[in-house]
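Heads up, target-v4.cif below (mmCIF, C-alpha atoms):
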```cif
data_my_file
loop_
_atom_site.label_atom_id
_atom_site.label_comp_id
_atom_site.auth_asym_id
_atom_site.auth_seq_id
_atom_site.Cartn_x
_atom_site.Cartn_y
_atom_site.Cartn_z
CA MET A 230 7.34 5.98 31.26
CA ILE A 231 9.57 8.60 29.76
CA ASN A 232 11.59 10.53 32.30
CA PHE A 233 14.53 12.82 31.75
CA THR A 234 17.58 11.96 33.79
CA GLY A 235 19.22 14.62 35.93
CA ALA A 236 22.05 14.73 33.39
CA SER A 237 19.80 15.45 30.39
CA ASN A 238 17.83 17.98 32.44
CA LEU A 239 21.08 19.82 33.24
CA GLY A 240 22.31 19.49 29.67
CA VAL A 241 19.21 21.02 28.12
CA HIS A 242 19.07 23.87 30.63
CA ALA A 243 22.80 24.59 30.36
CA MET A 244 22.69 24.59 26.56
CA ALA A 245 19.67 26.93 26.60
CA TYR A 246 21.45 29.23 29.03
CA ILE A 247 24.63 29.30 26.93
CA ALA A 248 22.58 29.92 23.78
CA ALA A 249 20.93 32.95 25.36
CA GLN A 250 24.20 34.65 26.29
CA THR A 251 26.06 37.27 24.29
CA ALA A 252 27.32 35.78 21.03
CA GLY A 253 30.97 34.89 21.17
CA SER A 254 31.36 35.34 24.91
CA PRO A 255 32.29 32.15 26.74
CA VAL A 256 30.10 31.23 29.70
CA THR A 257 31.92 29.88 32.73
CA LEU A 258 31.00 26.71 34.57
CA ARG A 259 30.58 28.81 37.70
CA GLU A 260 28.11 31.15 35.99
CA ILE A 261 26.02 28.21 34.78
CA THR A 262 26.07 26.42 38.14
CA ASP A 263 25.10 29.65 39.92
CA HIS A 264 22.20 30.19 37.53
CA LEU A 265 20.96 26.58 37.57
CA LYS A 266 21.79 26.06 41.26
CA CYS A 267 23.39 22.70 40.56
CA SER A 268 26.51 20.72 41.34
CA GLY A 269 29.55 21.94 39.44
CA ALA A 270 31.00 18.42 39.33
CA HIS A 271 27.82 16.94 37.84
CA LEU A 272 27.42 19.77 35.34
CA ALA A 273 31.09 19.52 34.32
CA LYS A 274 30.56 15.85 33.36
CA VAL A 275 27.48 16.70 31.31
CA LEU A 276 29.23 19.59 29.55
CA ALA A 277 32.26 17.37 28.86
CA LYS A 278 29.95 14.91 27.07
CA LEU A 279 28.36 17.72 25.03
CA THR A 280 31.82 19.09 24.21
CA HIS A 281 33.02 15.64 23.14
CA ASP A 282 29.95 15.29 20.90
CA GLU A 283 30.68 18.74 19.41
CA TYR A 284 27.63 20.59 20.68
CA LEU A 285 29.90 22.88 22.71
CA GLU A 286 33.46 24.10 22.61
CA SER A 287 35.38 24.83 25.76
CA SER A 288 38.40 26.92 26.51
CA ARG A 289 40.52 27.17 29.64
CA GLY A 290 41.97 30.15 31.42
CA ALA A 291 40.74 33.46 32.78
CA ALA A 292 38.75 34.20 29.61
CA GLY A 293 37.64 30.58 29.19
CA GLY A 294 34.30 28.90 29.36
CA TYR A 295 31.77 27.24 27.07
CA ARG A 296 30.35 28.37 23.74
CA LEU A 297 27.83 26.74 21.45
CA LYS A 298 29.30 24.94 18.50
CA VAL A 299 25.86 24.41 16.97
CA ASP A 300 23.14 26.69 15.66
CA PRO A 301 20.50 27.12 18.41
CA VAL A 302 17.77 27.49 15.78
CA ASN A 303 18.54 24.03 14.40
CA THR A 304 19.46 22.16 17.61
CA THR A 305 16.52 20.35 19.18
CA VAL A 306 15.87 19.26 22.72
CA LEU A 307 15.58 15.69 21.45
CA GLU A 308 19.12 15.86 20.02
CA ILE A 309 20.54 17.09 23.32
CA VAL A 310 18.69 14.53 25.44
CA GLU A 311 19.73 11.69 23.14
CA ALA A 312 23.34 12.93 23.05
CA ILE A 313 23.46 12.64 26.82
CA ASP A 314 21.22 9.63 27.55
CA GLY A 315 20.93 7.81 24.25
CA PRO A 316 17.61 7.08 22.54
CA LEU A 317 14.46 7.79 24.52
CA PRO A 318 13.24 4.75 26.39
CA TRP A 319 10.05 3.39 24.87
CA ALA A 320 9.21 0.75 27.42
CA GLY A 321 7.38 0.89 30.67
CA CYS A 322 4.03 0.69 32.31
CA LEU A 323 1.85 3.69 33.08
CA LEU A 324 0.79 1.97 36.30
CA GLY A 325 4.33 1.15 37.43
CA GLU A 326 4.71 -2.63 37.47
CA PRO A 327 3.34 -4.44 34.41
CA VAL A 328 1.03 -7.32 35.32
CA CYS A 329 -0.84 -7.68 32.01
CA GLU A 330 -0.23 -10.48 29.57
CA PRO A 331 2.06 -9.32 26.74
CA GLY A 332 0.07 -7.44 24.11
CA SER A 333 -3.04 -7.07 26.29
CA CYS A 334 -2.40 -3.72 28.00
CA VAL A 335 -5.52 -1.54 27.97
CA PHE A 336 -3.28 1.55 27.75
CA GLN A 337 -0.99 0.31 24.97
CA GLY A 338 -2.47 2.38 22.13
CA LEU A 339 -2.62 5.48 24.30
CA PHE A 340 0.95 5.01 25.55
CA ASP A 341 2.29 4.50 22.03
CA GLU A 342 0.53 7.67 20.86
CA MET A 343 1.84 9.66 23.85
CA ARG A 344 5.42 8.51 23.21
CA GLU A 345 5.23 9.44 19.54
CA ARG A 346 3.73 12.86 20.27
CA PHE A 347 6.32 13.50 23.00
CA ALA A 348 9.25 12.59 20.73
CA SER A 349 7.81 14.70 17.90
CA TYR A 350 7.42 17.66 20.22
CA LEU A 351 11.00 17.35 21.50
CA ALA A 352 12.19 17.16 17.90
CA GLU A 353 10.50 20.50 17.18
CA VAL A 354 11.61 22.49 20.24
CA THR A 355 14.99 24.12 19.68
CA LEU A 356 17.43 25.94 21.91
CA ALA A 357 16.27 29.18 20.33
CA ASP A 358 12.77 28.53 21.70
CA PHE A 359 13.90 28.91 25.32
CA LYS A 360 13.24 32.29 26.91
CA GLY A 361 14.33 34.00 30.08
CA PHE A 362 17.95 32.93 30.31
CA SER A 363 19.59 36.22 29.32
CA ARG A 364 22.11 38.01 31.54
#
```

Structure rendered as structure tokens:
Amino acid sequence: MINFTGASNLGVHAMAYIAAQTAGSPVTLREITDHLKCSGAHLAKVLAKLTHDEYLESSRGAAGGYRLKVDPVNTTVLEIVEAIDGPLPWAGCLLGEPVCEPGSCVFQGLFDEMRERFASYLAEVTLADFKGFSR
């Protein structure tokens, strides 16, 4: 099955929130954690990864915070998830534990199609598509 980790979930939501804020204004970690109701320590690790990978820029001090370093119109959810977690996992069993002989799964064609459609969809949804995160 394909499941987002807590880290990629936070990363996508934080990036969408930052993208929706006033252009040029840094968004503080505190503001994001308050909005997402999440752990500041966990979010800080996720944002550090996105900063390292040059999706965000961060600045310290009283006027510091996070800003997008990418164009929200051209940055997809798939890019963000894969930046945090690596390539989407393509293995698993829809019923939990696989018991079928290799290559004999009755759901294999369906599962392959679902994975492809899911990845294609994530590759089309951009940060600019998110709504409802404005101040």

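Minimum distance to A:Lys278 across A:Gly332, A:Gly294, A:Gly240, A:Gly253 (counting only C-alpha atoms) occurs at A:Gly240.
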
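Between A:Thr304 and the residues A:Thr355, A:Gln250, A:Ser287, A:Asn232, the shortest atom-to-atom distance, using all atoms listed in the file, involves A:Thr355.
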
Original post:
For the point (22.4, 27.4, 17.3) in file coordinates, what residues are within 12 Å, counting all atoms listed in the file? Give the answer as a list of chain:residue names?
Top reply: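 Those within range, by chain then number, are A:Met244, A:Ala245, A:Tyr246, A:Ile247, A:Ala248, A:Ala249, A:Gln250, A:Ala252, A:Tyr284, A:Leu285, A:Arg296, A:Leu297, A:Lys298, A:Val299, A:Asp300, A:Pro301, A:Val302, A:Asn303, A:Thr304, A:Thr305, A:Val306, A:Thr355, A:Leu356, A:Ala357, A:Asp358, A:Phe359.
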
**OP:** Identify which of the residues A:Leu279, A:Ala292, A:Cys329, A:Val354 lies closest to A:Asp314, counting all atoms listed in the file when measuring atom-to-atom distances.
**Re:**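 When distances to A:Asp314 are compared using all atoms listed in the file, the smallest one comes from A:Leu279.
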
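Compared by their closest atoms to A:Leu351, and using all atoms listed in the file, the residues A:Gly338, A:Glu308, A:Lys274, A:Cys267 rank with A:Glu308 nearest.
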
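Atom CA of A:Met343 is positioned 27.6 Å from atom CA of A:Val275.
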
Original post:
With distances taken over only C-alpha atoms, which of A:Leu272, A:Pro331, A:Leu307, A:Glu326 is nearest to A:Glu353?
Top reply: A:Leu307

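Taking atom CA of A:Glu260 as the reference point, atom CA of A:Gly290 is found at 14.6 Å.
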
Original post:
Within 8 Å of A:Gly269, counting all atoms listed in the file, which residues qualify if same-chain residues fewer than 6 places away don't, as a PyMOL selection string?
Top reply: chain A and resi 258-259+262

**OP:** One decimal, Å: what's the distance from atom CA of A:Ser349 over to atom CA of A:Ser237, could you say?
**Re:**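 It comes out at 17.3 Å.
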
Subject >> Residue among A:Lys360, A:His264, A:Arg344, A:His281 lying closest to A:Ile313, counting only C-alpha atoms >> reply: A:His281
